[in-house]
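File shown: run_32.txt. Contents: compact mmCIF, C-alpha atoms.
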```
# COMPACT_ATOMS: atom_id res chain seq x y z
CA MET A 239 -113.34 12.49 -4.86
CA ASP A 240 -112.84 8.75 -4.32
CA GLU A 241 -109.07 9.20 -4.61
CA PHE A 242 -109.17 11.83 -1.87
CA LYS A 243 -111.28 9.61 0.42
CA ASN A 244 -108.93 6.70 -0.21
CA PHE A 245 -105.90 8.86 0.61
CA ILE A 246 -107.50 10.13 3.86
CA ASN A 247 -108.40 6.58 4.85
CA ILE A 248 -104.84 5.38 4.28
CA TYR A 249 -103.41 8.46 5.96
CA ASN A 250 -105.52 7.98 9.10
CA ASN A 251 -105.32 4.20 9.37
CA VAL A 252 -101.94 3.16 7.99
CA PHE A 253 -99.44 5.93 8.73
CA LEU A 254 -98.44 6.62 12.33
CA ILE A 255 -98.52 10.40 12.04
CA ILE A 256 -99.40 12.83 14.80
CA ASN A 257 -100.44 16.08 13.16
CA PRO A 258 -99.33 19.30 14.91
CA THR A 259 -102.81 20.48 15.74
CA LYS A 260 -104.64 20.93 19.01
CA GLU A 261 -106.81 17.92 18.11
CA LYS A 262 -103.74 15.68 18.23
CA PHE A 263 -104.10 15.36 22.00
CA ASN A 264 -107.25 13.29 21.46
CA THR A 265 -105.38 11.24 18.88
CA THR A 266 -102.42 10.67 21.21
CA LEU A 267 -104.68 9.25 23.90
CA MET A 268 -105.85 6.73 21.37
CA ASN A 269 -102.32 6.07 20.20
CA ARG A 270 -100.86 4.34 23.24
CA VAL A 271 -97.32 4.13 21.88
CA TYR A 272 -97.02 7.89 21.45
CA HIS A 273 -98.57 8.50 24.87
CA ASP A 274 -96.13 6.04 26.47
CA MET A 275 -93.16 7.70 24.76
CA LEU A 276 -94.23 11.10 26.10
CA ARG A 277 -94.54 9.62 29.60
CA LEU A 278 -91.01 8.16 29.33
CA TYR A 279 -89.75 11.56 28.15
CA SER A 280 -91.37 13.27 31.12
CA ASN A 281 -90.07 10.66 33.58
CA GLU A 282 -86.49 11.07 32.34
CA LEU A 283 -86.63 14.85 32.70
CA GLU A 284 -87.91 14.54 36.25
CA LYS A 285 -84.93 12.46 37.41
CA ASP A 286 -82.32 14.11 39.61
CA ASN A 287 -79.23 15.61 37.96
CA THR A 288 -80.42 15.18 34.38
CA LEU A 289 -78.72 16.99 31.50
CA PHE A 290 -81.07 17.45 28.56
CA ILE A 291 -79.34 18.49 25.32
CA SER A 292 -81.47 19.53 22.38
CA GLN A 293 -80.26 20.36 18.90
CA GLY A 294 -82.56 20.70 15.93
CA PHE A 295 -85.84 20.51 17.86
CA SER A 296 -88.13 23.51 17.54
CA PHE A 297 -90.37 22.98 20.60
CA ASP A 298 -93.21 24.17 18.37
CA ASP A 299 -95.26 21.17 19.48
CA GLU A 300 -97.28 22.61 22.38
CA HIS A 301 -97.75 19.26 24.10
CA ILE A 302 -94.03 18.44 24.18
CA ARG A 303 -93.18 22.04 25.09
CA ASP A 304 -95.62 21.94 28.02
CA ILE A 305 -94.15 18.67 29.30
CA THR A 306 -90.68 20.19 29.03
CA LYS A 307 -91.71 23.38 30.83
CA ARG A 308 -93.27 21.40 33.69
CA SER A 309 -90.10 19.32 33.96
CA LEU A 310 -87.99 22.47 34.30
CA LEU A 311 -89.46 22.89 37.77
CA ASN A 312 -87.02 20.11 38.68
CA PRO A 313 -84.16 22.25 40.07
CA SER A 314 -81.50 19.64 39.26
CA LEU A 315 -82.46 19.43 35.57
CA LYS A 316 -80.14 21.33 33.23
CA MET A 317 -81.42 22.02 29.73
CA LEU A 318 -78.91 22.95 27.04
CA LEU A 319 -80.52 24.17 23.80
CA PHE A 320 -78.40 24.57 20.70
CA ALA A 321 -80.02 27.17 18.47
CA TYR A 322 -79.21 27.03 14.79
CA ASN A 323 -79.39 30.80 14.49
CA GLU A 324 -80.42 33.92 16.37
CA ASP A 325 -84.08 33.58 15.34
CA ASP A 326 -84.24 30.12 16.91
CA ALA A 327 -82.50 31.39 20.05
CA ASN A 328 -85.07 34.17 20.38
CA LYS A 329 -87.90 31.68 19.91
CA TYR A 330 -86.48 29.47 22.71
CA LYS A 331 -86.25 32.54 24.94
CA ARG A 332 -89.92 33.32 24.28
CA TYR A 333 -90.97 29.74 24.94
CA PHE A 334 -89.13 29.43 28.25
CA SER A 335 -88.88 33.03 29.51
CA ASP A 336 -92.14 32.91 31.46
CA LEU A 337 -90.51 30.51 33.89
CA ASN A 338 -88.53 32.03 36.72
CA ILE A 339 -85.69 29.53 36.40
CA ASN A 340 -82.02 29.49 35.60
CA ASN A 341 -81.57 25.92 34.40
CA VAL A 342 -81.98 26.64 30.68
CA THR A 343 -78.94 27.61 28.62
CA ILE A 344 -79.31 28.60 24.99
CA VAL A 345 -76.20 28.26 22.85
CA CYS A 346 -76.04 30.26 19.64
CA SER A 347 -73.28 31.67 17.47
CA ASP A 348 -72.49 35.18 18.68
CA SER A 349 -71.42 36.37 15.25
CA GLY A 350 -74.87 36.18 13.67
CA ARG A 351 -73.89 33.06 11.74
CA ASN A 352 -75.66 29.73 11.84
CA LEU A 353 -74.25 27.28 14.39
CA THR A 354 -72.39 24.58 12.46
CA LEU A 355 -72.30 20.90 13.30
CA ASN A 356 -68.54 21.16 13.88
CA GLU A 357 -69.07 23.96 16.42
CA LEU A 358 -71.75 21.90 18.14
CA ASN A 359 -69.38 18.93 18.37
CA GLN A 360 -66.60 21.13 19.77
CA ILE A 361 -68.91 22.46 22.49
CA LEU A 362 -70.02 18.95 23.42
CA LEU A 363 -66.39 17.83 23.63
CA LEU A 364 -65.66 20.74 25.96
CA ILE A 365 -68.61 19.74 28.12
CA GLN A 366 -67.20 16.23 28.32
CA GLY A 367 -63.80 17.67 29.27
CA ILE A 368 -62.08 16.31 26.18
CA ASP A 369 -59.63 18.47 24.26
CA ASN A 370 -59.87 17.46 20.60
CA GLU A 371 -56.74 19.31 19.49
```
Please express the file's structure as structure tokens.
Amino acid sequence: MDEFKNFINIYNNVFLIINPTKEKFNTTLMNRVYHDMLRLYSNELEKDNTLFISQGFSFDDEHIRDITKRSLLNPSLKMLLFAYNEDDANKYKRYFSDLNINNVTIVCSDSGRNLTLNELNQILLLIQGIDNE
């Protein structure tokens, strides 16, 4: 039992970990650095003509998802989500479908395959207007 108490003590006081639970909001208020980072994130998304590109982020964190959803009310924000597979694309649609907006684009392989890093890079090059061939 002492080992467990020692581990919990170290876990809570040494590691900078925000657990994905509803109680984490209370923890984040205490953890000023995390709170400040979330504020910076929100501020950047609220700027005019912002392009937000996300690859590999699940948006399963309710707090970050809520900040993102509020930011999507900014009509000049464009959010480009690269989904690894069709399941992820469907999850993004569920997360953001309740908003009556058209500034979210979900990119997913149309062949049922997983989106590869090479395909992601090719799409980003096209967005930049660079032909890599």
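Computed from the coordinates, the CA of Leu319 (chain A) to CA of Ser349 (chain A) distance equals 17.5 Å.
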With the cut-off set at 7 Å and counting only C-alpha atoms, tabulate each residue of region 283-319 of chain A with an atom at most that distance from an atom of region 324-343 of chain A, showing the nearest atom pair and its distance in Å to one decimal, ordered by chain and increasing number, as a Markdown table.
```
| residue | atom | partner | partner_atom | distance |
| --- | --- | --- | --- | --- |
| A:Leu315 | CA | A:Asn341 | CA | 6.7 |
| A:Lys316 | CA | A:Asn341 | CA | 4.9 |
| A:Met317 | CA | A:Val342 | CA | 4.7 |
| A:Leu318 | CA | A:Thr343 | CA | 4.9 |
| A:Leu319 | CA | A:Thr343 | CA | 6.1 |
```
For C-alpha atoms, I'd like the residues from the last selection saved as an mmCIF file, in the frame of the given file.
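Full text of out.cif as output:
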```cif
data_model
loop_
_atom_site.group_PDB
_atom_site.id
_atom_site.type_symbol
_atom_site.label_atom_id
_atom_site.label_comp_id
_atom_site.auth_asym_id
_atom_site.auth_seq_id
_atom_site.Cartn_x
_atom_site.Cartn_y
_atom_site.Cartn_z
ATOM 1 C CA LEU A 315 -82.460 19.430 35.570
ATOM 2 C CA LYS A 316 -80.140 21.330 33.230
ATOM 3 C CA MET A 317 -81.420 22.020 29.730
ATOM 4 C CA LEU A 318 -78.910 22.950 27.040
ATOM 5 C CA LEU A 319 -80.520 24.170 23.800
#
```
For region 356-370 of chain A, work out the shell of residues within 9 Å, counting only C-alpha atoms and skipping chain neighbours fewer than 3 positions away, then give it as number ranges by chain.
A: 293, 320, 347, 353
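The spacing separating CA of Glu282 (chain A) from CA of Thr306 (chain A) amounts to 10.6 Å.
Picture a line from CA of Thr288 (chain A) to CA of Leu355 (chain A); it runs 23.3 Å.
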One residue among A:Leu289, A:Ile302, A:Tyr322, A:Gly294 is nearest to Leu276 (chain A) when using all atoms listed in the file, and that residue is A:Ile302
In terms of only C-alpha atoms, the residue from A:Ile291, A:Leu310, A:Val345, A:Ile305 at minimal distance from Leu278 (chain A) is A:Ile305
